[in-house]
Number of protein chains: 2
Amino acid sequence: MTIEEEVLKRIKPSKEDEEKLRERAQIILDRLKGYNAEIEGSFRKGTWLKGDTDIDIFVFFPKSVGKEYLREKALKELIERFRDLNYKIAYAEHPYLIVYVDDVEIDVVPALSIESGEEAITAADRTPFHTKYVISHLDEKGRDEVRLLKRFLKGIGVYGAEIKVKGFSGYVTELLIIYYGSFKEVLRNASKFRPPVRIELVRPKKEFDSPLIVPDPVDPKRNASSAVSLKSLATFALASKIYLEKPSMEFFFPSKPGRQTIKGDILLVKVKIEESTVEDIIWGQVWRNVEKLKTLISHEGYRVIDISAWGDAENITIGIQLESKSIGEYYLNVGPYFYLHNVKNFIEENENVWIGEDGRLYSIKRRRYTVEEIIKRNLSFKQKFTYELQWLTEEVDDPWINLFLRKTPSWLK
Amino acid sequence: MTIEEEVLKRIKPSKEDEEKLRERAQIILDRLKGYNAEIEGSFRKGTWLKGDTDIDIFVFFPKSVGKEYLREKALKELIERFRDLNYKIAYAEHPYLIVYVDDVEIDVVPALSIESGEEAITAADRTPFHTKYVISHLDEKGRDEVRLLKRFLKGIGVYGAEIKVKGFSGYVTELLIIYYGSFKEVLRNASKFRPPVRIELVRPKKEFDSPLIVPDPVDPKRNASSAVSLKSLATFALASKIYLEKPSMEFFFPSKPGRQTIKGDILLVKVKIEESTVEDIIWGQVWRNVEKLKTLISHEGYRVIDISAWGDAENITIGIQLESKSIGEYYLNVGPYFYLHNVKNFIEENENVWIGEDGRLYSIKRRRYTVEEIIKRNLSFKQKFTYELQWLTEEVDDPWINLFLRKTPSWLK
């Protein structure tokens, strides 16, 4: 049995799995009598993975009601139908309901009914067109190829368009299989990716500026893969190249790293968000904090080996790896050339001023902030939050910390 | 009394000083009966400073004997005349004699007799033309202006064309006064210097590539100021600007710095040259070592605040000031973009390889050498030498170390 056959055996849902999900969905659909309600998403498209226990049910309202109606009236109406069930209100671009039926999570999403994907007002309006496009372009074999590719992307950590991952959405995964025909053919092409990469099932109706450009066949003014970061694209390309040379289960189901040696000085910033919010809202801020801290810490003279973050919408750890936290209290300050007008200011404002071999003035300055102080002054979230700082002094078992220390994915080396 | 008048009072030799030197010179000239011997240099030109106790006496041989004759036969002949006196053989471009008469040091220099400065075969052959040019272009007042400028250049540390200083020779100092007319006028112009600076008493007969270009009036194919480094030029320009705004004795007679705070980590490399050699030969190597160490130490990841050297032809200290000597055992190693062909080698040859946000591969590497090891592997002299390393752990009284720590000359701030 090839690796891919073995993987497929593990990830392809059985008839019973499907039946179980369909029964739970039917309970919700029954409650939505009188509405224009439809199953969408990977369950409907037949590309979901075994163990996935969420189903999308979209409820369509006439376009004329407008998107404000969806936010308020529509949501209230829907709540009326499920008030005796276990449900909660969740937020994407708009609010929607998550209804729990046994261990199945059913997202009930209000959307506007439109004539074509190009008329979409909210992202949800476009979904039924994605569903139709995928269903009409994938046969049974193609759906399994999608499943393999999804699992591959999950394994290498680039599956999901959410801000935390900046990876490939389920829809983009499906489009890749539709375009290239099979899992292997996608990898063969991905292994040669060099950004910007254009995959045109349809001629784009707009200029896009992203590492990966996949014009949406149902709305060619939109880049379906705009979420894919350069890092995710690079990871996919490199993983594809290596997998083709030496296939392994590690790509699909990577093993967790064991205890790792600490190299350099590792500071953990453990953030707790005190007001719960949508993960995308939090992670947009997490990555902005990461970028900002990297810049400021480097600017202060520390050499940053790596900075990354892991966690969820409430508990986030930012890991900062420095070559050394003992970089000295003083630093070389480079001043103007001796013949420039600002030389006198430089002399007045500085200590230990001298003239270098290159004719520039130099001075010695005292550093202003330690790493801890930089974090204290700059870490910020719109939500209420607290944080703790911890220098890693000994090896630990936390798999995320060990992944941060090891860096190399198990499929790479 | 102005500062300059006060300085001149201290540095202008008296009639008695002159008489004393002339008597000693006459003793040597008497011994050189039958030779074409002449006093040259600053004593002859009337631009020497009080306390200077060396006189140059040149002995001219027909051009036809050639420069090899000067090295051997001529030197032997001259030695014959002084064998009962206290003398030693010294080396510049060619060997010459230093004869000690009381506390006066008389350099007896063999040279070739030529028709014009442009025919010079050795640098010494050109000297009588310099002497004539200066004598015919400077009056009593001008000679005092030269003295002021010499003392100023000495005070700010840029007097002398030797490799250790890379500064202004006596002759260049004289040419500056001849060109600009007075000490003050030289400073007024120097304060506006912006390299390359051209001072043309004569039209150059060659292209020169130096920060300061002063074509030699007696040999315009030569740049009389080729020894002047950018740093020396910058120091002179800046000192001139500041002196004109606020004259002070500190420029002429700088005070020694007191004990200074140690900033960063200071490593002293104390070199002892075991074979005595001409200072220029040693200092050419000292500065090459300084440049090389600076490059290698920086390359290894240390941040060098400053590196300098002081001492003489036998005992040299190289001072190395680092922001910190604790820079960590590991460093960030930047690799190729993910789509380049050498990616596979990078993965094989490195540890902790990962893909960065920018699509490049990175890894963590272990540093190879400490500062001490870099010095051990790279410090080199053609002469036999030994050295000791010493990290400065407490404040000391050594004025050179304090100057290295303070950096700022007393006239600057």
# chains A, B, ... in the order shown; residues from 1 in each chain; ligands from 1
>>> interface_residues(of="chain B", to="chain A", cutoff="6 Å", atoms="only C-alpha atoms", output="tab-separated table (two decimals) with C-alpha atoms, in the first residue's frame")
chain	number	residue	atom	x	y	z
B	194	ARG	CA	35.91	68.63	2.58
B	230	LEU	CA	41.33	60.90	6.18
B	231	LYS	CA	41.21	60.72	9.96
B	234	ALA	CA	39.23	65.32	9.59
B	264	GLY	CA	31.77	47.81	27.28
B	305	ILE	CA	33.01	50.02	19.47
B	323	GLU	CA	29.92	46.35	23.25
B	324	SER	CA	29.98	42.96	24.95
B	327	ILE	CA	27.43	37.58	22.49
B	328	GLY	CA	26.09	34.06	22.82
B	330	TYR	CA	24.82	30.59	18.64
B	331	TYR	CA	23.85	32.93	15.84
B	332	LEU	CA	21.21	33.30	13.17
B	338	PHE	CA	13.13	28.44	-0.87
B	339	TYR	CA	13.04	28.26	-4.68
B	352	ASN	CA	17.54	24.00	13.22
B	353	VAL	CA	16.59	24.92	9.68
B	354	TRP	CA	13.34	26.79	9.16
B	357	GLU	CA	8.30	34.98	6.75
B	359	GLY	CA	10.53	32.84	2.17
B	406	ARG	CA	37.76	58.73	26.88
B	407	LYS	CA	38.24	58.97	23.10
B	408	THR	CA	37.31	62.62	23.04
>>> select_by_dssp(residues="region 175-343 of chain A", states="strand (DSSP E)", output="MDAnalysis selection string")
chainID A and resid 197:198 212:213 215:216 219:223 265:273 304:311 315:322 330:337
>>> select_by_dssp(residues="region 8-252 of chain A", states="helix (DSSP H, G or I)", output="NGL selection string")
:A and (8-11 or 15-31 or 41-45 or 63-65 or 67-82 or 117-119 or 123-137 or 140-155 or 170-180 or 183-190 or 230-245 or 249-251)
>>> residues_around(residues="Lys63 (chain B)", least_positions_apart="5", cutoff="7 Å", atoms="only C-alpha atoms", output="JSON, numbers by chain")
{"B": [112, 113, 114]}
>>> atom_distance(atom1="CA of Ala190 (chain B)", atom2="CA of Leu176 (chain B)")
9.8 Å
>>> decode(residues="region 167-180 of chain B", atoms="all heavy atoms", output="PDB file, in the first residue's frame")
ATOM      1  N   GLY B 167      50.142  61.646   9.530  1.00  0.00           N
ATOM      2  CA  GLY B 167      49.751  63.043   9.642  1.00  0.00           C
ATOM      3  C   GLY B 167      50.523  63.960   8.697  1.00  0.00           C
ATOM      4  O   GLY B 167      50.955  63.558   7.616  1.00  0.00           O
ATOM      5  N   PHE B 168      50.701  65.208   9.148  1.00  0.00           N
ATOM      6  CA  PHE B 168      51.302  66.258   8.336  1.00  0.00           C
ATOM      7  C   PHE B 168      52.805  66.330   8.606  1.00  0.00           C
ATOM      8  O   PHE B 168      53.226  66.492   9.751  1.00  0.00           O
ATOM      9  CB  PHE B 168      50.665  67.599   8.692  1.00  0.00           C
ATOM     10  CG  PHE B 168      49.189  67.659   8.393  1.00  0.00           C
ATOM     11  CD1 PHE B 168      48.259  67.048   9.245  1.00  0.00           C
ATOM     12  CD2 PHE B 168      48.721  68.314   7.261  1.00  0.00           C
ATOM     13  CE1 PHE B 168      46.893  67.102   8.969  1.00  0.00           C
ATOM     14  CE2 PHE B 168      47.362  68.369   6.982  1.00  0.00           C
ATOM     15  CZ  PHE B 168      46.446  67.765   7.833  1.00  0.00           C
ATOM     16  N   SER B 169      53.622  66.252   7.561  1.00  0.00           N
ATOM     17  CA  SER B 169      55.065  66.379   7.726  1.00  0.00           C
ATOM     18  C   SER B 169      55.416  67.842   7.973  1.00  0.00           C
ATOM     19  O   SER B 169      54.596  68.745   7.748  1.00  0.00           O
ATOM     20  CB  SER B 169      55.775  65.897   6.457  1.00  0.00           C
ATOM     21  OG  SER B 169      55.470  66.775   5.385  1.00  0.00           O
ATOM     22  N   GLY B 170      56.649  68.083   8.431  1.00  0.00           N
ATOM     23  CA  GLY B 170      57.111  69.452   8.607  1.00  0.00           C
ATOM     24  C   GLY B 170      57.018  70.217   7.295  1.00  0.00           C
ATOM     25  O   GLY B 170      56.569  71.371   7.263  1.00  0.00           O
ATOM     26  N   TYR B 171      57.396  69.577   6.223  1.00  0.00           N
ATOM     27  CA  TYR B 171      57.389  70.238   4.915  1.00  0.00           C
ATOM     28  C   TYR B 171      55.970  70.636   4.506  1.00  0.00           C
ATOM     29  O   TYR B 171      55.733  71.756   4.036  1.00  0.00           O
ATOM     30  CB  TYR B 171      58.012  69.291   3.880  1.00  0.00           C
ATOM     31  CG  TYR B 171      58.091  69.851   2.480  1.00  0.00           C
ATOM     32  CD1 TYR B 171      58.648  71.108   2.230  1.00  0.00           C
ATOM     33  CD2 TYR B 171      57.627  69.111   1.391  1.00  0.00           C
ATOM     34  CE1 TYR B 171      58.731  71.618   0.940  1.00  0.00           C
ATOM     35  CE2 TYR B 171      57.701  69.608   0.097  1.00  0.00           C
ATOM     36  CZ  TYR B 171      58.249  70.861  -0.127  1.00  0.00           C
ATOM     37  OH  TYR B 171      58.327  71.355  -1.401  1.00  0.00           O
ATOM     38  N   VAL B 172      54.996  69.729   4.723  1.00  0.00           N
ATOM     39  CA  VAL B 172      53.603  70.060   4.367  1.00  0.00           C
ATOM     40  C   VAL B 172      53.119  71.229   5.226  1.00  0.00           C
ATOM     41  O   VAL B 172      52.428  72.134   4.744  1.00  0.00           O
ATOM     42  CB  VAL B 172      52.678  68.831   4.516  1.00  0.00           C
ATOM     43  CG1 VAL B 172      51.209  69.238   4.438  1.00  0.00           C
ATOM     44  CG2 VAL B 172      52.994  67.801   3.434  1.00  0.00           C
ATOM     45  N   THR B 173      53.530  71.224   6.499  1.00  0.00           N
ATOM     46  CA  THR B 173      53.160  72.332   7.390  1.00  0.00           C
ATOM     47  C   THR B 173      53.684  73.652   6.823  1.00  0.00           C
ATOM     48  O   THR B 173      52.961  74.659   6.773  1.00  0.00           O
ATOM     49  CB  THR B 173      53.761  72.092   8.792  1.00  0.00           C
ATOM     50  OG1 THR B 173      53.448  70.762   9.203  1.00  0.00           O
ATOM     51  CG2 THR B 173      53.210  73.082   9.802  1.00  0.00           C
ATOM     52  N   GLU B 174      54.933  73.625   6.369  1.00  0.00           N
ATOM     53  CA  GLU B 174      55.530  74.828   5.786  1.00  0.00           C
ATOM     54  C   GLU B 174      54.792  75.247   4.518  1.00  0.00           C
ATOM     55  O   GLU B 174      54.498  76.429   4.307  1.00  0.00           O
ATOM     56  CB  GLU B 174      57.016  74.565   5.496  1.00  0.00           C
ATOM     57  CG  GLU B 174      57.853  74.482   6.779  1.00  0.00           C
ATOM     58  CD  GLU B 174      59.103  73.604   6.679  1.00  0.00           C
ATOM     59  OE1 GLU B 174      59.290  72.927   5.634  1.00  0.00           O
ATOM     60  OE2 GLU B 174      59.877  73.576   7.649  1.00  0.00           O
ATOM     61  N   LEU B 175      54.441  74.265   3.691  1.00  0.00           N
ATOM     62  CA  LEU B 175      53.734  74.589   2.443  1.00  0.00           C
ATOM     63  C   LEU B 175      52.366  75.205   2.736  1.00  0.00           C
ATOM     64  O   LEU B 175      51.914  76.106   2.021  1.00  0.00           O
ATOM     65  CB  LEU B 175      53.574  73.333   1.573  1.00  0.00           C
ATOM     66  CG  LEU B 175      54.874  72.740   0.999  1.00  0.00           C
ATOM     67  CD1 LEU B 175      54.568  71.492   0.159  1.00  0.00           C
ATOM     68  CD2 LEU B 175      55.635  73.759   0.146  1.00  0.00           C
ATOM     69  N   LEU B 176      51.704  74.720   3.788  1.00  0.00           N
ATOM     70  CA  LEU B 176      50.389  75.282   4.143  1.00  0.00           C
ATOM     71  C   LEU B 176      50.522  76.762   4.501  1.00  0.00           C
ATOM     72  O   LEU B 176      49.711  77.591   4.077  1.00  0.00           O
ATOM     73  CB  LEU B 176      49.775  74.511   5.326  1.00  0.00           C
ATOM     74  CG  LEU B 176      49.230  73.111   5.014  1.00  0.00           C
ATOM     75  CD1 LEU B 176      48.816  72.390   6.301  1.00  0.00           C
ATOM     76  CD2 LEU B 176      48.042  73.184   4.050  1.00  0.00           C
ATOM     77  N   ILE B 177      51.568  77.089   5.296  1.00  0.00           N
ATOM     78  CA  ILE B 177      51.776  78.499   5.668  1.00  0.00           C
ATOM     79  C   ILE B 177      52.146  79.325   4.431  1.00  0.00           C
ATOM     80  O   ILE B 177      51.648  80.437   4.233  1.00  0.00           O
ATOM     81  CB  ILE B 177      52.874  78.622   6.753  1.00  0.00           C
ATOM     82  CG1 ILE B 177      52.404  77.961   8.064  1.00  0.00           C
ATOM     83  CG2 ILE B 177      53.252  80.091   6.982  1.00  0.00           C
ATOM     84  CD1 ILE B 177      51.228  78.627   8.743  1.00  0.00           C
ATOM     85  N   ILE B 178      52.998  78.757   3.573  1.00  0.00           N
ATOM     86  CA  ILE B 178      53.378  79.485   2.353  1.00  0.00           C
ATOM     87  C   ILE B 178      52.133  79.760   1.505  1.00  0.00           C
ATOM     88  O   ILE B 178      51.940  80.850   0.981  1.00  0.00           O
ATOM     89  CB  ILE B 178      54.436  78.682   1.550  1.00  0.00           C
ATOM     90  CG1 ILE B 178      55.762  78.657   2.331  1.00  0.00           C
ATOM     91  CG2 ILE B 178      54.635  79.274   0.153  1.00  0.00           C
ATOM     92  CD1 ILE B 178      56.797  77.684   1.781  1.00  0.00           C
ATOM     93  N   TYR B 179      51.233  78.773   1.423  1.00  0.00           N
ATOM     94  CA  TYR B 179      50.054  78.915   0.563  1.00  0.00           C
ATOM     95  C   TYR B 179      49.046  79.906   1.151  1.00  0.00           C
ATOM     96  O   TYR B 179      48.550  80.791   0.456  1.00  0.00           O
ATOM     97  CB  TYR B 179      49.392  77.551   0.372  1.00  0.00           C
ATOM     98  CG  TYR B 179      48.279  77.555  -0.666  1.00  0.00           C
ATOM     99  CD1 TYR B 179      48.578  77.417  -2.024  1.00  0.00           C
ATOM    100  CD2 TYR B 179      46.951  77.698  -0.292  1.00  0.00           C
ATOM    101  CE1 TYR B 179      47.574  77.416  -2.982  1.00  0.00           C
ATOM    102  CE2 TYR B 179      45.932  77.703  -1.245  1.00  0.00           C
ATOM    103  CZ  TYR B 179      46.256  77.556  -2.587  1.00  0.00           C
ATOM    104  OH  TYR B 179      45.263  77.561  -3.530  1.00  0.00           O
ATOM    105  N   TYR B 180      48.758  79.752   2.442  1.00  0.00           N
ATOM    106  CA  TYR B 180      47.694  80.578   3.032  1.00  0.00           C
ATOM    107  C   TYR B 180      48.212  81.834   3.726  1.00  0.00           C
ATOM    108  O   TYR B 180      47.431  82.717   4.060  1.00  0.00           O
ATOM    109  CB  TYR B 180      46.869  79.748   4.019  1.00  0.00           C
ATOM    110  CG  TYR B 180      46.018  78.687   3.348  1.00  0.00           C
ATOM    111  CD1 TYR B 180      46.263  77.339   3.550  1.00  0.00           C
ATOM    112  CD2 TYR B 180      44.964  79.054   2.505  1.00  0.00           C
ATOM    113  CE1 TYR B 180      45.483  76.367   2.943  1.00  0.00           C
ATOM    114  CE2 TYR B 180      44.177  78.085   1.888  1.00  0.00           C
ATOM    115  CZ  TYR B 180      44.437  76.744   2.110  1.00  0.00           C
ATOM    116  OH  TYR B 180      43.670  75.795   1.506  1.00  0.00           O
TER     117      TYR B 180
END
